[in-house]
Each structure stands twice: as structure tokens, then as C-alpha cells.
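Working notes, structure below.
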Amino acid sequence: DAKTTQPPSMDCAEGRAANLPCNHSTISGNEYVYWYRQIHSQGPQYIIHGLKNNETNEMASLIITEDRKSSTLILPHATLRDTAVYYCIVSGHSGTYKYIFGTGTRLKVLA
Amino acid sequence: DAGVTQSPTHLIKTRGQQVTLRCSPKSGHDTVSWYQQALGQGPQFIFQYYEEEERQRGNFPDRFSGHQFPNYSSELNVNALLLGDSALYLCASSSWTGSEAFFGQGTRLTVV
């Protein structure tokens with residue numbers, strides 16, 4: 001079973017920030033939070049990952065709560081091309097770990 | 001950097017046949033994992049290869065087998081195809097010592 005819980009769907013107005021929540025209350029100390037997105041049956045695209053500190057890259061920001069039981073992916077200025085299914089995954093960082101996907105959040109960016 | 005490449009992109013097979021899917025990992029990666037994604041669902045882990053050995057396996061029958069070559073590329077074989085094997089098959093590559101995984105665009109398998 002997936003170790004994460006996400007809302008099934010969300011809408012966001014184009015140009016506004018999209019905030020996608022994820023609960024991972026059973027996360028272990030050595031597990032990272034990863035975010036991927038999948039656009040219409042293409043392969044999942046890596047977005048960002050973090051352990052306990054907030055992270056930012058050219059695509060998004062990742063905010064992890066202090067107790068690490070939840071996180072939020074922030075797309076600062078959503079565009080129509082950000083419409084996709086977003087997956088939050090909890091996993092170790094070395095090769096001995098595998099990804100367990102849940103059903104993700106279907107984000108629809110509205111014009 | 002070509003990223004993770006998979007071939008073929010689409011495939012149609014008849015029930016009972018066998019199929020082989022191929023994956024070339026991202027440059028610098030030595031670990032390959034395979035996933036099956038049925039329509040409307042998240043990807044499901046099939047197995048993982050490192051140093052030409054299967055290291056982990058998900059809940060898939062023995063009809064699903066794989067191989068990794070010395071150049072780190074990998075194959076997924078499925079024997080005795082069932083209609084339920086119709087899915088998008090995804091390959092992901094990573095570094096065994098630690099990295100995020102990068103996925104290919106997948107192979108869409110249709111079993112008729």
C-alpha cells in the first residue's frame with residue numbers, strides 16, 4: 001500500500017500558485033519525500049525531493065512540516081501545461097528502495 | 001543526455017504470445033526498475049535490476065521476467081500474455097548509491 005494520502009483532484013487558476021498537499025504520517029527517519037507528475041500517459045516526470053528541509057528548484061518548491069508527517073508541493077505560477085496527475089512518494093534514497101505510487105492528485109489548471 | 005529510452009513505444013500482441021520490452025538507462029545510472037501502469041491507476045512496481053541481478057520484486061507472477069546487460073540496459077519479458085497485461089510499461093533508472101529515479105516514456109502494450 002502507498003504510504004501517502006493525496007486529494008484525488010484539485011483546480012487552480014492559471015497564473016496562481018498551486019498548492020498540492022500530501023500526508024505521510026508513517027514516514028521513517030531515512031525516507032525522503034519525492035514528487036513526480038504524469039501528463040496524459042507519458043512517463044512520470046521528476047519534480048523535486050526532500051528529506052526534512054524545504055527545497056526549491058526551477059520547477060517547484062517543497063515544504064515539509066517539522067514533524068515530517070506532511071508536505072506541500074507549490075507550483076508558484078501555474079500554467080495550462082502544469083495540468084497533470086501529481087504523485088507524492090515516500091521512499092529511501094538508495095538503490096535498495098522502490099517507489100510505491102498511490103493514485104495521486106489530478107491537477108487541472110483553468111484558463 | 002538522451003535520458004531514459006524505451007522501445008518500442010507501442011505494441012499489439014495476441015493472448016498467449018510472449019513480448020520483450022527494452023530500456024536504456026540515463027547516462028551514469030546503473031539501476032533499472034520496471035513498473036506496470038493500468039489505465040487510471042498509479043504505476044505498480046514489477047522488479048529492479050542492479051549488477052545484472054534482480055534485487056527486488058513486486059507482486060507479479062513468474063510470467064514476468066527480466067534481464068540487465070553489462071551496459072546497464074534492461075529487458076522485460078512477459079510470457080503467456082493475458083488480456084489483463086494490457087498496460088503502460090515504464091522503465092526507471094537511478095543510481096544504486098542514491099538518487100531520484102528518472103522514467104522513460106513507456107511502452108504501451110495492448111493484448112488482444
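So you can find residues: chains in the C-alpha cells are A, B, ... in the order shown, residues in each start at 1, and ligands are numbered from 1 in order.
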
Counting only C-alpha atoms, which residues in chain B sit no more than 9 Å from chain A? For each one, give the nearest pair of atoms and the distance in Å, sorted by chain then residue number, as a tab-separated table.
residue	atom	partner	partner_atom	distance
B:Thr31	CA	A:Gly95	CA	7.0
B:Ser33	CA	A:Lys98	CA	8.1
B:Leu39	CA	A:Ser41	CA	8.6
B:Gly40	CA	A:Thr103	CA	8.3
B:Gln41	CA	A:Thr103	CA	6.0
B:Gly42	CA	A:Thr103	CA	5.2
B:Pro43	CA	A:Phe101	CA	6.0
B:Gln44	CA	A:Phe101	CA	6.8
B:Phe45	CA	A:Ile100	CA	7.0
B:Phe47	CA	A:Lys98	CA	8.8
B:Gln48	CA	A:Lys98	CA	8.0
B:Tyr50	CA	A:Gly95	CA	8.3
B:Arg55	CA	A:Thr96	CA	7.7
B:Gln56	CA	A:Thr96	CA	7.9
B:Leu88	CA	A:Ser41	CA	7.7
B:Leu90	CA	A:Gly43	CA	6.7
B:Cys91	CA	A:Gly43	CA	8.5
B:Ser94	CA	A:Gly95	CA	7.2
B:Ser95	CA	A:Gly95	CA	6.3
B:Trp96	CA	A:Gly95	CA	3.9
B:Thr97	CA	A:Ser94	CA	5.2
B:Gly98	CA	A:Ser94	CA	3.8
B:Ser99	CA	A:His93	CA	5.9
B:Glu100	CA	A:His93	CA	6.9
B:Ala101	CA	A:Tyr46	CA	7.4
B:Phe102	CA	A:Tyr46	CA	6.5
B:Phe103	CA	A:Gly43	CA	5.7
B:Gly104	CA	A:Gly43	CA	5.5
B:Gln105	CA	A:Gly43	CA	4.2
B:Gly106	CA	A:Gly43	CA	5.8

Name all residues at most 9 Å from B:Gln17 (count only C-alpha atoms; drop same-chain ones fewer than 4 positions away) and give them as an MDAnalysis selection string.
chainID B and resid 13 78:82 111

I need the chosen residues saved as a PDB file, in the first residue's frame, with C-alpha atoms.
ATOM      1  CA  LYS B  13       0.162  -8.799 -29.130  1.00  0.00           C
ATOM      2  CA  VAL B  78       6.257 -11.326 -20.344  1.00  0.00           C
ATOM      3  CA  ASN B  79       5.217 -14.860 -21.294  1.00  0.00           C
ATOM      4  CA  ALA B  80       1.753 -16.279 -21.947  1.00  0.00           C
ATOM      5  CA  LEU B  81       0.181 -12.863 -22.303  1.00  0.00           C
ATOM      6  CA  LEU B  82      -3.234 -12.259 -20.778  1.00  0.00           C
ATOM      7  CA  VAL B 111      -3.105  -7.649 -25.699  1.00  0.00           C
TER       8      VAL B 111
END

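One distance worth recording is that between atom CA of A:Thr5 and atom CA of B:Tyr49, which is 28.3 Å.
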
Could you go through chain A and tell me which residues DSSP, when run on the backbone, assigns to strand (DSSP E or B), listing them as JSON, numbers by chain?
{"A": [5, 9, 10, 11, 12, 13, 18, 19, 20, 21, 22, 23, 32, 33, 34, 35, 36, 37, 38, 45, 46, 47, 48, 49, 50, 55, 56, 61, 62, 63, 64, 70, 71, 72, 73, 74, 75, 84, 85, 86, 87, 88, 89, 90, 91, 105, 106, 107, 108, 109, 110]}

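Using only C-alpha atoms, the contacts of A:Glu66 at a cut-off of 10 Å, with sequence neighbours closer than 5 positions omitted, comprise Lys52, Asn53, Asn54 and Ser71 of chain A.
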
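Nearest residue to B:Asn71, choosing from B:Ser24, B:Ser93, B:Asn59, B:Thr110 and counting only C-alpha atoms: B:Ser24.
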
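In this model, the gap between atom CA of A:Asp11 and atom CA of A:Thr79 comes to 11.7 Å.
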
Just want the 12 Å neighbourhood of A:Arg81, counted on only C-alpha atoms, with same-chain residues fewer than 4 positions away dropped. Output as a PyMOL selection string.
chain A and resi 14-15+37-40+75+77+85+107-111

Just to be explicit: take each residue in the selection above, keep C-alpha atoms, and write the result as an mmCIF file, in the first residue's frame.
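Once everything was written out, this is result29.cif:
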data_model
loop_
_atom_site.group_PDB
_atom_site.id
_atom_site.type_symbol
_atom_site.label_atom_id
_atom_site.label_comp_id
_atom_site.auth_asym_id
_atom_site.auth_seq_id
_atom_site.Cartn_x
_atom_site.Cartn_y
_atom_site.Cartn_z
ATOM 1 C CA GLU A 14 -3.737 29.953 -14.486
ATOM 2 C CA GLY A 15 -1.066 32.252 -13.075
ATOM 3 C CA ARG A 37 3.943 14.338 -12.281
ATOM 4 C CA GLN A 38 2.482 12.493 -15.209
ATOM 5 C CA ILE A 39 0.984 14.218 -18.184
ATOM 6 C CA HIS A 40 -1.540 12.115 -20.089
ATOM 7 C CA LEU A 75 3.911 25.452 -8.292
ATOM 8 C CA HIS A 77 2.690 30.356 -11.206
ATOM 9 C CA VAL A 85 -1.521 13.881 -12.180
ATOM 10 C CA LEU A 107 -4.479 18.976 -11.031
ATOM 11 C CA LYS A 108 -6.432 20.927 -13.601
ATOM 12 C CA VAL A 109 -5.185 24.424 -14.382
ATOM 13 C CA LEU A 110 -8.025 26.612 -15.621
ATOM 14 C CA ALA A 111 -7.638 29.447 -18.124
#

Ranking A:Asn57, A:Thr65, A:Asn30, A:Thr105 by minimum distance to A:Val90 and counting only C-alpha atoms, which one comes first?
A:Asn30

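The space separating atom CA of A:Arg106 from atom CA of A:Pro76 comes to 17.2 Å.
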